[in-house]
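Text of data.cif, listed as mmCIF, C-alpha atoms, pLDDT in the B column; chains and numbers go by the auth columns:
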data_entry
#
loop_
_atom_site.group_PDB
_atom_site.id
_atom_site.type_symbol
_atom_site.label_atom_id
_atom_site.label_comp_id
_atom_site.label_asym_id
_atom_site.label_seq_id
_atom_site.Cartn_x
_atom_site.Cartn_y
_atom_site.Cartn_z
_atom_site.B_iso_or_equiv
_atom_site.auth_seq_id
_atom_site.auth_asym_id
ATOM 1 C CA MET A 1 102.440 122.345 212.083 77.00 1 A
ATOM 2 C CA LEU A 2 103.615 119.730 209.636 78.00 2 A
ATOM 3 C CA ALA A 3 102.247 116.194 209.934 88.00 3 A
ATOM 4 C CA PRO A 4 104.043 114.241 212.657 94.00 4 A
ATOM 5 C CA VAL A 5 106.362 111.382 211.723 94.00 5 A
ATOM 6 C CA ARG A 6 106.967 108.311 213.848 96.00 6 A
ATOM 7 C CA THR A 7 110.718 107.750 214.131 96.00 7 A
ATOM 8 C CA VAL A 8 110.773 104.844 216.599 96.00 8 A
ATOM 9 C CA ALA A 9 108.017 102.225 216.531 95.00 9 A
ATOM 10 C CA PRO A 10 106.757 100.450 219.657 95.00 10 A
ATOM 11 C CA ALA A 11 109.053 97.667 220.830 93.00 11 A
ATOM 12 C CA ALA A 12 106.184 95.186 221.243 93.00 12 A
ATOM 13 C CA PRO A 13 102.568 94.796 220.115 95.00 13 A
ATOM 14 C CA ILE A 14 99.741 95.805 222.443 95.00 14 A
ATOM 15 C CA LEU A 15 98.364 92.262 222.532 96.00 15 A
ATOM 16 C CA THR A 16 100.124 88.947 222.049 95.00 16 A
ATOM 17 C CA ILE A 17 98.832 86.400 219.580 96.00 17 A
ATOM 18 C CA ASP A 18 98.243 84.025 222.510 96.00 18 A
ATOM 19 C CA GLU A 19 95.959 86.586 224.224 96.00 19 A
ATOM 20 C CA VAL A 20 94.001 87.081 221.017 96.00 20 A
ATOM 21 C CA LYS A 21 93.719 83.359 220.281 96.00 21 A
ATOM 22 C CA GLU A 22 92.450 82.765 223.819 95.00 22 A
ATOM 23 C CA HIS A 23 89.814 85.479 223.309 95.00 23 A
ATOM 24 C CA LEU A 24 88.830 83.956 219.949 94.00 24 A
ATOM 25 C CA ARG A 25 88.897 80.433 221.420 95.00 25 A
ATOM 26 C CA VAL A 26 91.265 79.299 218.689 94.00 26 A
ATOM 27 C CA ASP A 27 93.562 76.461 219.723 93.00 27 A
ATOM 28 C CA HIS A 28 95.397 75.806 216.458 93.00 28 A
ATOM 29 C CA ALA A 29 97.987 77.645 214.384 92.00 29 A
ATOM 30 C CA ASP A 30 96.154 77.384 211.028 94.00 30 A
ATOM 31 C CA GLU A 31 94.938 80.992 211.139 93.00 31 A
ATOM 32 C CA ASP A 32 97.860 82.670 212.889 94.00 32 A
ATOM 33 C CA ALA A 33 98.643 84.810 209.829 96.00 33 A
ATOM 34 C CA LEU A 34 95.029 86.001 209.621 96.00 34 A
ATOM 35 C CA ILE A 35 94.912 86.728 213.346 96.00 35 A
ATOM 36 C CA SER A 36 98.220 88.632 213.186 96.00 36 A
ATOM 37 C CA GLY A 37 96.833 90.702 210.326 96.00 37 A
ATOM 38 C CA LEU A 38 93.709 91.506 212.339 96.00 38 A
ATOM 39 C CA MET A 39 95.899 92.495 215.306 96.00 39 A
ATOM 40 C CA ASP A 40 97.856 94.858 213.045 96.00 40 A
ATOM 41 C CA ALA A 41 94.606 96.293 211.656 95.00 41 A
ATOM 42 C CA ALA A 42 93.190 96.918 215.140 95.00 42 A
ATOM 43 C CA THR A 43 96.410 98.618 216.206 96.00 43 A
ATOM 44 C CA ALA A 44 96.446 100.808 213.082 94.00 44 A
ATOM 45 C CA HIS A 45 92.779 101.664 213.646 93.00 45 A
ATOM 46 C CA LEU A 46 93.415 102.962 217.178 94.00 46 A
ATOM 47 C CA ASP A 47 97.089 103.880 217.599 94.00 47 A
ATOM 48 C CA GLY A 48 99.155 106.852 216.528 92.00 48 A
ATOM 49 C CA TYR A 49 98.495 110.034 214.603 93.00 49 A
ATOM 50 C CA ARG A 50 96.160 108.409 212.079 92.00 50 A
ATOM 51 C CA GLY A 51 94.427 106.248 214.705 91.00 51 A
ATOM 52 C CA THR A 52 90.925 107.083 215.863 91.00 52 A
ATOM 53 C CA LEU A 53 92.029 107.703 219.467 92.00 53 A
ATOM 54 C CA GLY A 54 94.644 110.346 218.666 89.00 54 A
ATOM 55 C CA ARG A 55 96.951 108.616 221.138 92.00 55 A
ATOM 56 C CA ALA A 56 100.153 106.657 221.220 95.00 56 A
ATOM 57 C CA LEU A 57 99.453 103.413 223.047 96.00 57 A
ATOM 58 C CA VAL A 58 102.777 101.617 223.574 96.00 58 A
ATOM 59 C CA THR A 59 105.874 103.835 223.974 97.00 59 A
ATOM 60 C CA GLN A 60 107.009 105.265 220.628 97.00 60 A
ATOM 61 C CA THR A 61 108.939 108.298 219.392 98.00 61 A
ATOM 62 C CA TRP A 62 107.606 110.974 217.022 97.00 62 A
ATOM 63 C CA THR A 63 108.727 114.273 215.561 97.00 63 A
ATOM 64 C CA VAL A 64 106.576 117.245 214.631 97.00 64 A
ATOM 65 C CA GLU A 65 107.812 120.411 212.944 97.00 65 A
ATOM 66 C CA PHE A 66 106.607 124.016 213.066 96.00 66 A
ATOM 67 C CA ARG A 67 107.428 127.142 211.048 96.00 67 A
ATOM 68 C CA ALA A 68 108.173 129.148 214.201 95.00 68 A
ATOM 69 C CA PHE A 69 107.782 129.211 217.956 96.00 69 A
ATOM 70 C CA ALA A 70 104.366 130.182 219.315 94.00 70 A
ATOM 71 C CA ASN A 71 102.728 130.657 222.722 92.00 71 A
ATOM 72 C CA ARG A 72 101.480 127.090 222.500 95.00 72 A
ATOM 73 C CA LEU A 73 103.042 124.314 220.412 96.00 73 A
ATOM 74 C CA ASP A 74 100.500 121.488 220.307 95.00 74 A
ATOM 75 C CA ILE A 75 101.793 117.938 220.462 95.00 75 A
ATOM 76 C CA PRO A 76 99.443 115.802 218.376 93.00 76 A
ATOM 77 C CA LEU A 77 99.561 112.615 220.479 93.00 77 A
ATOM 78 C CA ALA A 78 98.973 111.846 224.137 93.00 78 A
ATOM 79 C CA PRO A 79 100.183 110.814 226.648 94.00 79 A
ATOM 80 C CA VAL A 80 103.599 112.491 226.328 96.00 80 A
ATOM 81 C CA GLN A 81 106.460 111.111 228.396 96.00 81 A
ATOM 82 C CA SER A 82 109.148 113.602 227.315 96.00 82 A
ATOM 83 C CA ALA A 83 109.968 116.158 224.626 97.00 83 A
ATOM 84 C CA THR A 84 113.124 117.690 223.158 97.00 84 A
ATOM 85 C CA ILE A 85 113.126 120.815 221.002 98.00 85 A
ATOM 86 C CA GLN A 86 115.577 121.616 218.231 97.00 86 A
ATOM 87 C CA TYR A 87 115.407 124.760 216.120 97.00 87 A
ATOM 88 C CA TYR A 88 117.248 126.597 213.369 97.00 88 A
ATOM 89 C CA ASP A 89 118.649 129.831 214.761 96.00 89 A
ATOM 90 C CA SER A 90 118.798 133.141 212.889 94.00 90 A
ATOM 91 C CA LEU A 91 121.964 131.930 211.090 96.00 91 A
ATOM 92 C CA ASN A 92 120.222 128.696 209.983 97.00 92 A
ATOM 93 C CA ALA A 93 122.306 126.533 212.343 97.00 93 A
ATOM 94 C CA GLN A 94 120.470 123.788 214.214 97.00 94 A
ATOM 95 C CA GLN A 95 120.392 124.209 217.997 97.00 95 A
ATOM 96 C CA THR A 96 118.884 122.269 220.900 97.00 96 A
ATOM 97 C CA LEU A 97 116.752 124.322 223.257 96.00 97 A
ATOM 98 C CA PRO A 98 117.537 123.836 226.973 96.00 98 A
ATOM 99 C CA THR A 99 114.683 122.297 228.955 95.00 99 A
ATOM 100 C CA SER A 100 114.948 125.214 231.390 95.00 100 A
ATOM 101 C CA ILE A 101 113.168 127.360 228.751 96.00 101 A
ATOM 102 C CA TYR A 102 110.017 125.279 228.188 97.00 102 A
ATOM 103 C CA ALA A 103 107.606 122.871 229.839 96.00 103 A
ATOM 104 C CA VAL A 104 105.460 120.047 228.509 96.00 104 A
ATOM 105 C CA LEU A 105 101.926 120.627 229.757 96.00 105 A
ATOM 106 C CA SER A 106 98.496 119.161 229.110 93.00 106 A
ATOM 107 C CA ASP A 107 94.941 120.456 229.242 91.00 107 A
ATOM 108 C CA GLY A 108 91.550 119.480 227.847 85.00 108 A
ATOM 109 C CA LEU A 109 92.853 119.903 224.293 87.00 109 A
ATOM 110 C CA GLY A 110 95.842 117.652 224.874 90.00 110 A
ATOM 111 C CA PRO A 111 99.586 117.981 225.440 95.00 111 A
ATOM 112 C CA TYR A 112 101.539 121.061 224.388 96.00 112 A
ATOM 113 C CA VAL A 113 104.817 122.874 224.888 97.00 113 A
ATOM 114 C CA ALA A 114 104.871 126.359 226.408 96.00 114 A
ATOM 115 C CA LEU A 115 107.438 128.752 227.802 96.00 115 A
ATOM 116 C CA LYS A 116 108.316 128.588 231.462 96.00 116 A
ATOM 117 C CA TYR A 117 107.804 131.730 233.499 94.00 117 A
ATOM 118 C CA ASN A 118 110.050 134.661 232.566 94.00 118 A
ATOM 119 C CA GLN A 119 111.539 132.915 229.505 96.00 119 A
ATOM 120 C CA GLN A 120 111.341 133.723 225.807 95.00 120 A
ATOM 121 C CA TRP A 121 111.710 131.787 222.594 96.00 121 A
ATOM 122 C CA PRO A 122 114.879 132.344 220.549 96.00 122 A
ATOM 123 C CA GLN A 123 114.761 133.849 217.063 95.00 123 A
ATOM 124 C CA THR A 124 114.468 131.297 214.255 96.00 124 A
ATOM 125 C CA TYR A 125 115.442 131.192 210.625 96.00 125 A
ATOM 126 C CA THR A 126 112.536 131.426 208.167 95.00 126 A
ATOM 127 C CA ARG A 127 111.814 127.875 206.991 95.00 127 A
ATOM 128 C CA ASP A 128 108.919 125.406 207.219 93.00 128 A
ATOM 129 C CA ASP A 129 110.785 123.174 209.675 95.00 129 A
ATOM 130 C CA ALA A 130 112.319 125.914 211.868 96.00 130 A
ATOM 131 C CA VAL A 131 111.227 124.182 215.100 97.00 131 A
ATOM 132 C CA LYS A 132 111.269 120.414 215.606 97.00 132 A
ATOM 133 C CA ILE A 133 109.832 118.692 218.665 98.00 133 A
ATOM 134 C CA THR A 134 110.908 115.102 219.188 98.00 134 A
ATOM 135 C CA PHE A 135 108.631 113.479 221.733 98.00 135 A
ATOM 136 C CA VAL A 136 108.198 110.110 223.364 97.00 136 A
ATOM 137 C CA ALA A 137 104.547 109.191 223.795 97.00 137 A
ATOM 138 C CA GLY A 138 102.525 106.246 225.013 96.00 138 A
ATOM 139 C CA TYR A 139 101.445 104.567 228.214 96.00 139 A
ATOM 140 C CA GLY A 140 104.687 102.607 228.514 94.00 140 A
ATOM 141 C CA ALA A 141 104.924 98.878 227.900 94.00 141 A
ATOM 142 C CA ALA A 142 102.006 96.947 226.392 93.00 142 A
ATOM 143 C CA ALA A 143 100.819 95.861 229.838 92.00 143 A
ATOM 144 C CA ALA A 144 100.422 99.563 230.823 95.00 144 A
ATOM 145 C CA VAL A 145 97.889 100.274 228.047 96.00 145 A
ATOM 146 C CA PRO A 146 94.532 100.774 229.823 96.00 146 A
ATOM 147 C CA ALA A 147 92.489 97.578 230.152 95.00 147 A
ATOM 148 C CA ALA A 148 89.513 99.201 228.406 95.00 148 A
ATOM 149 C CA ILE A 149 91.585 99.827 225.257 95.00 149 A
ATOM 150 C CA ARG A 150 93.015 96.302 225.322 96.00 150 A
ATOM 151 C CA SER A 151 89.506 94.865 225.770 95.00 151 A
ATOM 152 C CA ALA A 152 88.147 96.993 222.927 95.00 152 A
ATOM 153 C CA MET A 153 90.926 95.728 220.674 95.00 153 A
ATOM 154 C CA LEU A 154 89.996 92.140 221.512 96.00 154 A
ATOM 155 C CA LEU A 155 86.343 92.907 220.674 94.00 155 A
ATOM 156 C CA LEU A 156 87.322 94.497 217.365 93.00 156 A
ATOM 157 C CA ILE A 157 89.548 91.592 216.399 95.00 157 A
ATOM 158 C CA GLY A 158 86.827 89.118 217.412 94.00 158 A
ATOM 159 C CA HIS A 159 84.233 91.026 215.369 91.00 159 A
ATOM 160 C CA TRP A 160 86.467 91.090 212.297 91.00 160 A
ATOM 161 C CA TYR A 161 87.407 87.431 212.759 92.00 161 A
ATOM 162 C CA ASP A 162 83.744 86.366 212.925 89.00 162 A
ATOM 163 C CA ASN A 163 82.551 88.747 210.171 83.00 163 A
ATOM 164 C CA ARG A 164 85.058 88.527 207.361 79.00 164 A
ATOM 165 C CA SER A 165 82.897 90.277 204.798 73.00 165 A
ATOM 166 C CA THR A 166 80.963 93.540 204.867 65.00 166 A
ATOM 167 C CA VAL A 167 77.717 92.076 203.526 59.00 167 A
ATOM 168 C CA ALA A 168 75.546 89.839 205.658 55.00 168 A
ATOM 169 C CA VAL A 169 72.189 88.494 204.549 59.00 169 A
ATOM 170 C CA GLY A 170 69.480 88.504 207.217 61.00 170 A
ATOM 171 C CA GLN A 171 71.708 90.138 209.839 62.00 171 A
ATOM 172 C CA SER A 172 72.487 93.659 210.845 61.00 172 A
ATOM 173 C CA VAL A 173 76.062 94.748 210.212 57.00 173 A
ATOM 174 C CA SER A 174 77.969 97.357 212.206 59.00 174 A
ATOM 175 C CA GLU A 175 81.406 98.872 211.697 62.00 175 A
ATOM 176 C CA MET A 176 82.432 98.469 215.320 65.00 176 A
ATOM 177 C CA PRO A 177 80.777 96.528 218.115 72.00 177 A
ATOM 178 C CA PHE A 178 78.916 98.855 220.491 78.00 178 A
ATOM 179 C CA ALA A 179 80.859 97.545 223.486 84.00 179 A
ATOM 180 C CA ALA A 180 84.157 98.496 221.819 85.00 180 A
ATOM 181 C CA THR A 181 82.830 101.979 221.044 84.00 181 A
ATOM 182 C CA ALA A 182 81.734 102.417 224.657 86.00 182 A
ATOM 183 C CA LEU A 183 85.074 101.192 226.017 89.00 183 A
ATOM 184 C CA LEU A 184 87.028 103.580 223.768 86.00 184 A
ATOM 185 C CA ALA A 185 84.865 106.691 224.278 84.00 185 A
ATOM 186 C CA PRO A 186 86.710 108.019 227.366 81.00 186 A
ATOM 187 C CA PHE A 187 90.058 107.787 225.557 86.00 187 A
ATOM 188 C CA ARG A 188 89.158 109.735 222.405 81.00 188 A
ATOM 189 C CA ARG A 189 90.987 113.047 222.266 71.00 189 A
ATOM 190 C CA VAL A 190 89.049 116.254 221.661 61.00 190 A
ATOM 191 C CA GLY A 191 88.986 117.089 217.974 55.00 191 A
ATOM 192 C CA THR A 192 89.987 113.617 216.767 44.00 192 A
#
As structure tokens, how would this structure be written, given the file I've shared?
Amino acid sequence: MLAPVRTVAPAAPILTIDEVKEHLRVDHADEDALISGLMDAATAHLDGYRGTLGRALVTQTWTVEFRAFANRLDIPLAPVQSATIQYYDSLNAQQTLPTSIYAVLSDGLGPYVALKYNQQWPQTYTRDDAVKITFVAGYGAAAAVPAAIRSAMLLLIGHWYDNRSTVAVGQSVSEMPFAATALLAPFRRVGT
């Protein structure tokens, strides 16, 4: 599997600046740029292929490529809303695989594509990107992101807002507030 590529970004952020400012108890616009940057950092920390959760939060589209078909084609982000498969046939012409051939399933290891009963994969041309899965992932709109994840993001942003440097004299310093870690634990994907 080649590294997935996001082709369509989420239409809206997970949190609004007004929600974050209310959490921070900030009632002025002087630090809006800083707060927006912290919101972006929290999103990057949690969301997408490089995020610590191994999940897509707000609906977004990704592609992942494989050298060939296999019994199980793992999709690297959950939750998956839909998937389309294109492949290069034995003549090196790109084709779209009918959805009657495959199903998008999920188990303890995450979402994957597998053959439906009594079906078989077509032959592919030999190339690194012979099979391409384009998938839509995420919980839906920002409001559909689980409350625990949204709350953890607010805690992270608040922690970073209050502790703008990594060195504190006379205080203990932690990377992530314990409450945020506890809120996120049920959403971490196996192996991420």
Here's the selection I'm unsure about, the PyMOL selection byres ((chain A and resi 16-27) around 12); applied to the file above, which residues does it give, as number ranges by chain? A: 12-15, 28-40, 42-43, 142-143, 150-162
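CA of Lys132 (chain A) is found 16.5 Å from CA of Gln60 (chain A).
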The PyMOL selection byres ((chain A and resi 48-59) around 7) - which residues does that actually catch in the file I just gave you? List them as a ChimeraX atom specification. /A:10,14,44-47,60,76-79,136-142,145,187-189,192
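Take the candidates A:Ala148, A:Gln94, A:Arg164, A:Lys116 and check each one against Pro186 (chain A) using only C-alpha atoms; the shortest distance goes to A:Ala148.
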Students should find that CA of Trp62 (chain A) and CA of Thr99 (chain A) are spaced 17.9 Å
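When all atoms listed in the file are used to compute distances to Arg127 (chain A), the closest of the residues A:Ala144, A:Ala68, A:Leu115, A:Leu109 turns out to be A:Ala68.
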From CA of Val8 (chain A) to CA of Ala93 (chain A) the spacing works out at 24.9 Å
Minimum-distance residue to Ala70 (chain A), chosen among A:Pro122, A:Pro177, A:Pro146, A:Pro111 (using all atoms listed in the file): A:Pro122
Name the residues captured by the PyMOL selection byres ((chain A and resi 123) around 10) when it is applied to the shown file; answer as a count of residues only. 14
Within 10 Å of Val64 (chain A), counting all atoms listed in the file, which residues qualify if same-chain residues fewer than 4 places away don't, as a PyMOL selection string? chain A and resi 1-6+73-76+85+129+131-135
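Proximity ranking of A:Ser100, A:Thr181, A:Asn71, A:Thr63 relative to Gln86 (chain A) places A:Thr63 first, based on all atoms listed in the file.
Shortest separation to Ala147 (chain A) among A:Ala180, A:Arg67, A:Asn163, A:Ser82 occurs at residue A:Ala180, atoms counted being all atoms listed in the file.
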